>>> print(open('input_13.txt').read())   # compact mmCIF, C-alpha atoms
# COMPACT_ATOMS: atom_id res chain seq x y z
CA MET A 1 -20.86 144.96 -67.51
CA LEU A 2 -17.63 143.44 -68.74
CA GLY A 3 -17.72 140.13 -70.53
CA GLY A 4 -15.07 138.38 -68.45
CA THR A 5 -11.44 138.38 -67.41
CA VAL A 6 -8.58 139.82 -69.43
CA THR A 7 -5.47 137.61 -69.48
CA LEU A 8 -2.11 139.17 -70.35
CA HIS A 9 0.84 137.61 -72.10
CA PRO A 10 4.07 138.71 -70.34
CA ALA A 11 5.28 140.55 -73.47
CA VAL A 12 2.43 143.02 -73.25
CA LEU A 13 3.84 144.45 -70.01
CA ASP A 14 6.47 146.23 -72.14
CA ARG A 15 3.79 148.03 -74.14
CA PRO A 16 2.76 151.67 -73.57
CA ASP A 17 0.04 152.50 -71.05
CA SER A 18 -2.40 153.57 -73.75
CA PHE A 19 -3.17 152.75 -77.37
CA ALA A 20 -3.13 155.30 -80.16
CA ALA A 21 -5.81 153.45 -82.13
CA VAL A 22 -7.95 150.32 -82.15
CA LEU A 23 -8.02 148.10 -85.25
CA LEU A 24 -10.88 145.62 -85.37
CA ASP A 25 -11.46 142.51 -87.43
CA MET A 26 -15.01 142.14 -88.80
CA ASP A 27 -16.35 138.58 -89.13
CA GLY A 28 -16.35 136.80 -85.79
CA THR A 29 -15.14 139.93 -83.99
CA LEU A 30 -17.42 142.90 -84.73
CA VAL A 31 -20.04 140.92 -86.63
CA ASP A 32 -21.54 137.51 -85.93
CA SER A 33 -21.82 136.07 -89.43
CA ASP A 34 -20.91 132.45 -88.70
CA GLY A 35 -24.18 131.05 -90.05
CA ALA A 36 -24.02 133.01 -93.28
CA VAL A 37 -20.36 132.16 -93.87
CA GLU A 38 -20.93 128.43 -93.35
CA ARG A 39 -24.02 128.35 -95.58
CA SER A 40 -22.19 130.16 -98.37
CA TRP A 41 -19.21 127.83 -98.31
CA ARG A 42 -21.34 124.68 -98.08
CA THR A 43 -23.35 125.81 -101.11
CA TRP A 44 -20.17 126.65 -103.00
CA ALA A 45 -18.55 123.32 -102.10
CA ARG A 46 -21.44 121.36 -103.59
CA ARG A 47 -21.25 123.32 -106.83
CA TRP A 48 -17.49 122.97 -107.15
CA GLY A 49 -17.15 119.32 -106.18
CA VAL A 50 -15.42 119.81 -102.83
CA ASP A 51 -16.14 118.15 -99.49
CA PRO A 52 -17.86 120.89 -97.45
CA LEU A 53 -16.08 119.80 -94.28
CA ALA A 54 -12.72 120.23 -96.00
CA VAL A 55 -13.69 123.80 -96.89
CA LEU A 56 -14.95 124.66 -93.41
CA ALA A 57 -11.72 123.33 -91.91
CA VAL A 58 -9.54 125.88 -93.73
CA MET A 59 -11.69 128.92 -94.53
CA THR A 60 -11.65 130.73 -91.18
CA GLY A 61 -9.94 134.12 -91.36
CA HIS A 62 -8.61 133.65 -94.89
CA PRO A 63 -9.66 135.67 -97.95
CA ALA A 64 -12.07 133.77 -100.17
CA GLU A 65 -9.59 133.28 -103.00
CA ALA A 66 -7.05 131.77 -100.58
CA THR A 67 -9.63 129.20 -99.47
CA VAL A 68 -10.49 128.38 -103.09
CA ARG A 69 -6.82 127.78 -103.87
CA ARG A 70 -6.37 125.52 -100.85
CA VAL A 71 -9.33 123.24 -101.61
CA ARG A 72 -9.06 123.32 -105.42
CA PRO A 73 -5.29 123.49 -106.10
CA ASP A 74 -5.99 122.19 -109.62
CA LEU A 75 -7.60 125.46 -110.74
CA ASP A 76 -5.61 128.01 -112.70
CA GLU A 77 -5.80 131.69 -111.75
CA ALA A 78 -8.64 132.42 -114.15
CA LEU A 79 -10.77 129.66 -112.66
CA VAL A 80 -9.81 130.69 -109.13
CA ALA A 81 -11.20 134.13 -109.92
CA ILE A 82 -14.43 132.63 -111.29
CA ALA A 83 -14.83 130.28 -108.33
CA THR A 84 -14.17 133.09 -105.85
CA ARG A 85 -16.73 135.33 -107.53
CA ASP A 86 -19.25 132.48 -107.46
CA HIS A 87 -18.81 132.19 -103.70
CA LEU A 88 -18.93 135.94 -103.06
CA GLU A 89 -22.13 136.45 -105.06
CA HIS A 90 -23.88 134.16 -102.59
CA GLU A 91 -22.38 135.90 -99.56
CA TYR A 92 -23.45 139.35 -100.75
CA VAL A 93 -27.11 138.46 -100.44
CA ASP A 94 -27.13 135.96 -97.56
CA LEU A 95 -27.48 138.37 -94.63
CA ASP A 96 -30.52 136.97 -92.81
CA ASP A 97 -28.85 136.22 -89.47
CA VAL A 98 -25.91 138.64 -89.61
CA VAL A 99 -25.89 140.66 -86.36
CA ALA A 100 -23.51 142.74 -84.27
CA ALA A 101 -21.31 140.66 -81.95
CA PRO A 102 -21.82 141.03 -78.18
CA GLY A 103 -20.32 144.34 -77.09
CA ALA A 104 -19.75 145.64 -80.64
CA ALA A 105 -22.29 148.45 -80.49
CA GLU A 106 -21.09 149.59 -77.06
CA LEU A 107 -17.42 149.47 -78.04
CA THR A 108 -17.78 151.34 -81.32
CA ALA A 109 -19.98 153.97 -79.66
CA ASP A 110 -17.38 154.47 -76.93
CA LEU A 111 -14.53 154.75 -79.44
CA THR A 112 -16.46 157.36 -81.39
CA ALA A 113 -17.54 159.30 -78.31
CA THR A 114 -14.00 159.47 -76.94
CA PHE A 115 -12.49 160.42 -80.34
CA THR A 116 -10.33 157.28 -80.27
CA PRO A 117 -9.07 156.52 -83.81
CA TRP A 118 -10.30 153.14 -84.99
CA ALA A 119 -10.71 151.11 -88.15
CA VAL A 120 -12.09 147.84 -89.46
CA VAL A 121 -9.62 145.50 -91.20
CA THR A 122 -11.25 142.52 -92.89
CA SER A 123 -10.64 139.66 -95.30
CA ALA A 124 -13.99 140.48 -96.92
CA ASP A 125 -14.10 142.74 -99.96
CA THR A 126 -15.62 146.21 -99.85
CA ARG A 127 -19.10 145.20 -100.99
CA LEU A 128 -19.38 142.33 -98.52
CA ALA A 129 -17.90 144.31 -95.63
CA ARG A 130 -20.30 147.20 -96.14
CA ALA A 131 -23.24 144.81 -96.47
CA ARG A 132 -22.48 142.94 -93.25
CA LEU A 133 -21.57 145.99 -91.19
CA GLY A 134 -24.67 147.79 -92.42
CA THR A 135 -26.92 144.81 -91.67
CA ALA A 136 -25.41 144.63 -88.17
CA GLY A 137 -26.12 148.34 -87.68
CA LEU A 138 -22.46 149.27 -87.24
CA GLU A 139 -20.95 152.46 -88.64
CA PHE A 140 -17.20 152.80 -89.11
CA PRO A 141 -14.72 155.64 -89.75
CA VAL A 142 -12.11 153.68 -91.75
CA LEU A 143 -12.43 150.39 -93.61
CA VAL A 144 -9.54 148.37 -95.02
CA PRO A 145 -11.06 145.44 -96.96
CA ARG A 146 -9.42 142.62 -98.91
CA ASP A 147 -9.60 144.47 -102.23
CA MET A 148 -7.54 147.34 -100.82
CA VAL A 149 -4.43 145.23 -100.13
CA ALA A 150 -2.13 143.07 -102.21
CA ALA A 151 -2.31 140.11 -99.84
CA GLY A 152 -4.84 139.11 -97.22
CA LYS A 153 -4.31 137.89 -93.66
CA PRO A 154 -2.00 136.55 -92.25
CA ASP A 155 -0.09 139.22 -94.18
CA PRO A 156 0.07 142.39 -92.00
CA GLU A 157 -0.55 144.82 -94.88
CA GLY A 158 -4.17 145.50 -93.89
CA TYR A 159 -3.27 146.53 -90.36
CA LEU A 160 -0.28 148.55 -91.53
CA ARG A 161 -2.47 150.43 -94.01
CA ALA A 162 -5.13 151.09 -91.36
CA ALA A 163 -2.54 152.56 -89.01
CA ASP A 164 -1.19 154.69 -91.84
CA PHE A 165 -4.69 155.98 -92.68
CA LEU A 166 -5.20 156.92 -89.03
CA GLY A 167 -1.78 158.56 -88.79
CA VAL A 168 -0.51 156.37 -85.96
CA ASP A 169 2.39 153.99 -85.41
CA PRO A 170 1.17 150.38 -85.76
CA THR A 171 3.18 149.41 -82.68
CA ASP A 172 0.95 151.77 -80.68
CA CYS A 173 -2.24 150.07 -81.87
CA LEU A 174 -4.50 147.49 -80.28
CA VAL A 175 -5.69 144.86 -82.77
CA VAL A 176 -8.73 142.75 -81.88
CA GLU A 177 -9.09 139.42 -83.69
CA ASP A 178 -10.86 136.07 -83.42
CA THR A 179 -8.71 133.75 -85.54
CA PRO A 180 -5.08 132.60 -85.44
CA VAL A 181 -4.67 133.96 -88.99
CA GLY A 182 -5.82 137.40 -87.88
CA VAL A 183 -3.72 137.31 -84.73
CA ALA A 184 -0.67 136.50 -86.85
CA ALA A 185 -1.40 139.49 -89.09
CA GLY A 186 -1.73 141.84 -86.12
CA ARG A 187 1.44 140.64 -84.47
CA ALA A 188 3.36 140.83 -87.76
CA ALA A 189 2.28 144.48 -87.95
CA GLY A 190 3.88 145.06 -84.56
CA ALA A 191 0.62 145.77 -82.75
CA THR A 192 -0.59 144.47 -79.41
CA VAL A 193 -3.19 141.83 -80.23
CA ALA A 194 -6.24 140.92 -78.17
CA GLY A 195 -7.68 137.56 -79.18
CA LEU A 196 -11.17 136.42 -78.37
CA ARG A 197 -10.55 133.51 -76.03
CA ARG A 198 -12.93 131.07 -77.73
CA SER A 199 -10.75 130.78 -80.82
CA ALA A 200 -7.67 132.99 -80.81
CA GLY A 201 -6.81 133.88 -77.23
CA GLY A 202 -3.97 131.40 -76.92
CA ASP A 203 -1.92 132.98 -79.71
CA ALA A 204 -2.53 136.62 -78.82
CA ASP A 205 -0.82 139.02 -76.41
CA LEU A 206 -4.11 139.32 -74.54
CA ALA A 207 -7.04 136.94 -74.22
CA ILE A 208 -10.52 138.42 -73.89
CA ASP A 209 -13.99 136.93 -73.60
CA THR A 210 -16.06 139.56 -75.42
CA LEU A 211 -15.66 143.02 -76.90
CA HIS A 212 -16.81 144.48 -73.60
CA ASP A 213 -13.34 143.62 -72.29
CA VAL A 214 -11.71 145.93 -74.83
CA LEU A 215 -13.03 148.90 -72.87
CA THR A 216 -10.99 147.64 -69.92
CA LEU A 217 -7.90 147.39 -72.09
CA LEU A 218 -8.27 150.95 -73.31
CA SER A 219 -8.17 152.24 -69.74
CA ARG A 220 -5.37 149.72 -68.98
CA GLU A 221 -7.08 148.84 -65.71
CA VAL A 222 -6.06 145.22 -65.97
CA THR A 223 -4.40 142.77 -63.62
CA ALA A 224 -1.35 140.89 -64.79
>>> encode(input="input_13.txt", output="structure tokens")
Amino acid sequence: MLGGTVTLHPAVLDRPDSFAAVLLDMDGTLVDSDGAVERSWRTWARRWGVDPLAVLAVMTGHPAEATVRRVRPDLDEALVAIATRDHLEHEYVDLDDVVAAPGAAELTADLTATFTPWAVVTSADTRLARARLGTAGLEFPVLVPRDMVAAGKPDPEGYLRAADFLGVDPTDCLVVEDTPVGVAAGRAAGATVAGLRRSAGGDADLAIDTLHDVLTLLSREVTA
């Protein structure tokens, strides 16, 4: 059963009738890790003398070091690295309620079964990405984490590298994201971007309710 209705932005009507690959964000898209992310940042904020609400207001979709710089602009690069590592060490082990997002298992199984090229592009580093995907029970063919690119989202490098790894043109890819930062990265890469309606649908080419709707997009049986 599909999760809801797919809404198209007019620009998407100029796109091809099929996608060469699907590029998926991790946190908030493939994996529900909201509780773990919030706990980690609240704990970090108390240790580093920052208002937790100020951290939570800016951390969504950004790499950890970018969030540290935004809330502690007084830190030099050496201290940013220390503060970022302090946060990540907590995230690596806080996996109690990390689960697959609705439709994630079905979508990834379908992509694999139909030999559709796909990859995970995330602002998490390799260790954290593998930990969360493994805890959620999700296998993946290609992973492009934060430590594999020079700049994190909203920079498009992660999606461009994923398309290159898969041997496809990024403009022929479907990116699935849940944050405005991620949507901006996908669009900057030239891809068609599907945004989960609850948080990113308004900025994307397509608005979807759950990952179940991505299966509809792959067959292009959608109503404009």
>>> closest_residue(input="input_13.txt", among="A:Ser18, A:Thr84, A:Thr60, A:Thr179", to="Trp48 of chain A", atoms="only C-alpha atoms")
A:Thr84
>>> closest_residue(input="input_13.txt", among="A:Val176, A:Leu128, A:Val68, A:Leu166", to="Pro52 of chain A", atoms="only C-alpha atoms")
A:Val68
>>> residues_around(input="input_13.txt", residues="segment 102-106 of chain A", least_positions_apart="3", cutoff="6 Å", atoms="only C-alpha atoms", output="NGL selection string")
:A and (30 or 109 or 211-212)
>>> closest_residue(input="input_13.txt", among="A:Trp118, A:Arg161, A:Arg47, A:Arg127", to="Val142 of chain A", atoms="only C-alpha atoms")
A:Trp118
>>> residues_near_point(input="input_13.txt", point="(-1.4, 141.3, -86.1)", cutoff="12 Å", atoms="all atoms listed in the file", output="PyMOL selection string")
chain A and resi 22-25+121+152-160+162-163+170-171+173-195+200+203-205
>>> atom_distance(input="input_13.txt", atom1="atom CA of Trp44 of chain A", atom2="atom CA of Leu75 of chain A")
14.8 Å
>>> closest_residue(input="input_13.txt", among="A:Ala78, A:Leu196, A:Leu217, A:Val55", to="Thr29 of chain A", atoms="all atoms listed in the file")
A:Leu196
>>> closest_residue(input="input_13.txt", among="A:Ser123, A:Thr216, A:Thr135, A:Ser33", to="Asp110 of chain A", atoms="only C-alpha atoms")
A:Thr216
>>> atom_distance(input="input_13.txt", atom1="atom CA of Val50 of chain A", atom2="atom CA of Ala150 of chain A")
26.8 Å
>>> atom_distance(input="input_13.txt", atom1="atom CA of Arg85 of chain A", atom2="atom CA of Trp41 of chain A")
12.1 Å
>>> closest_residue(input="input_13.txt", among="A:Leu206, A:Ala129, A:Leu111, A:Val149", to="Val93 of chain A", atoms="all atoms listed in the file")
A:Ala129
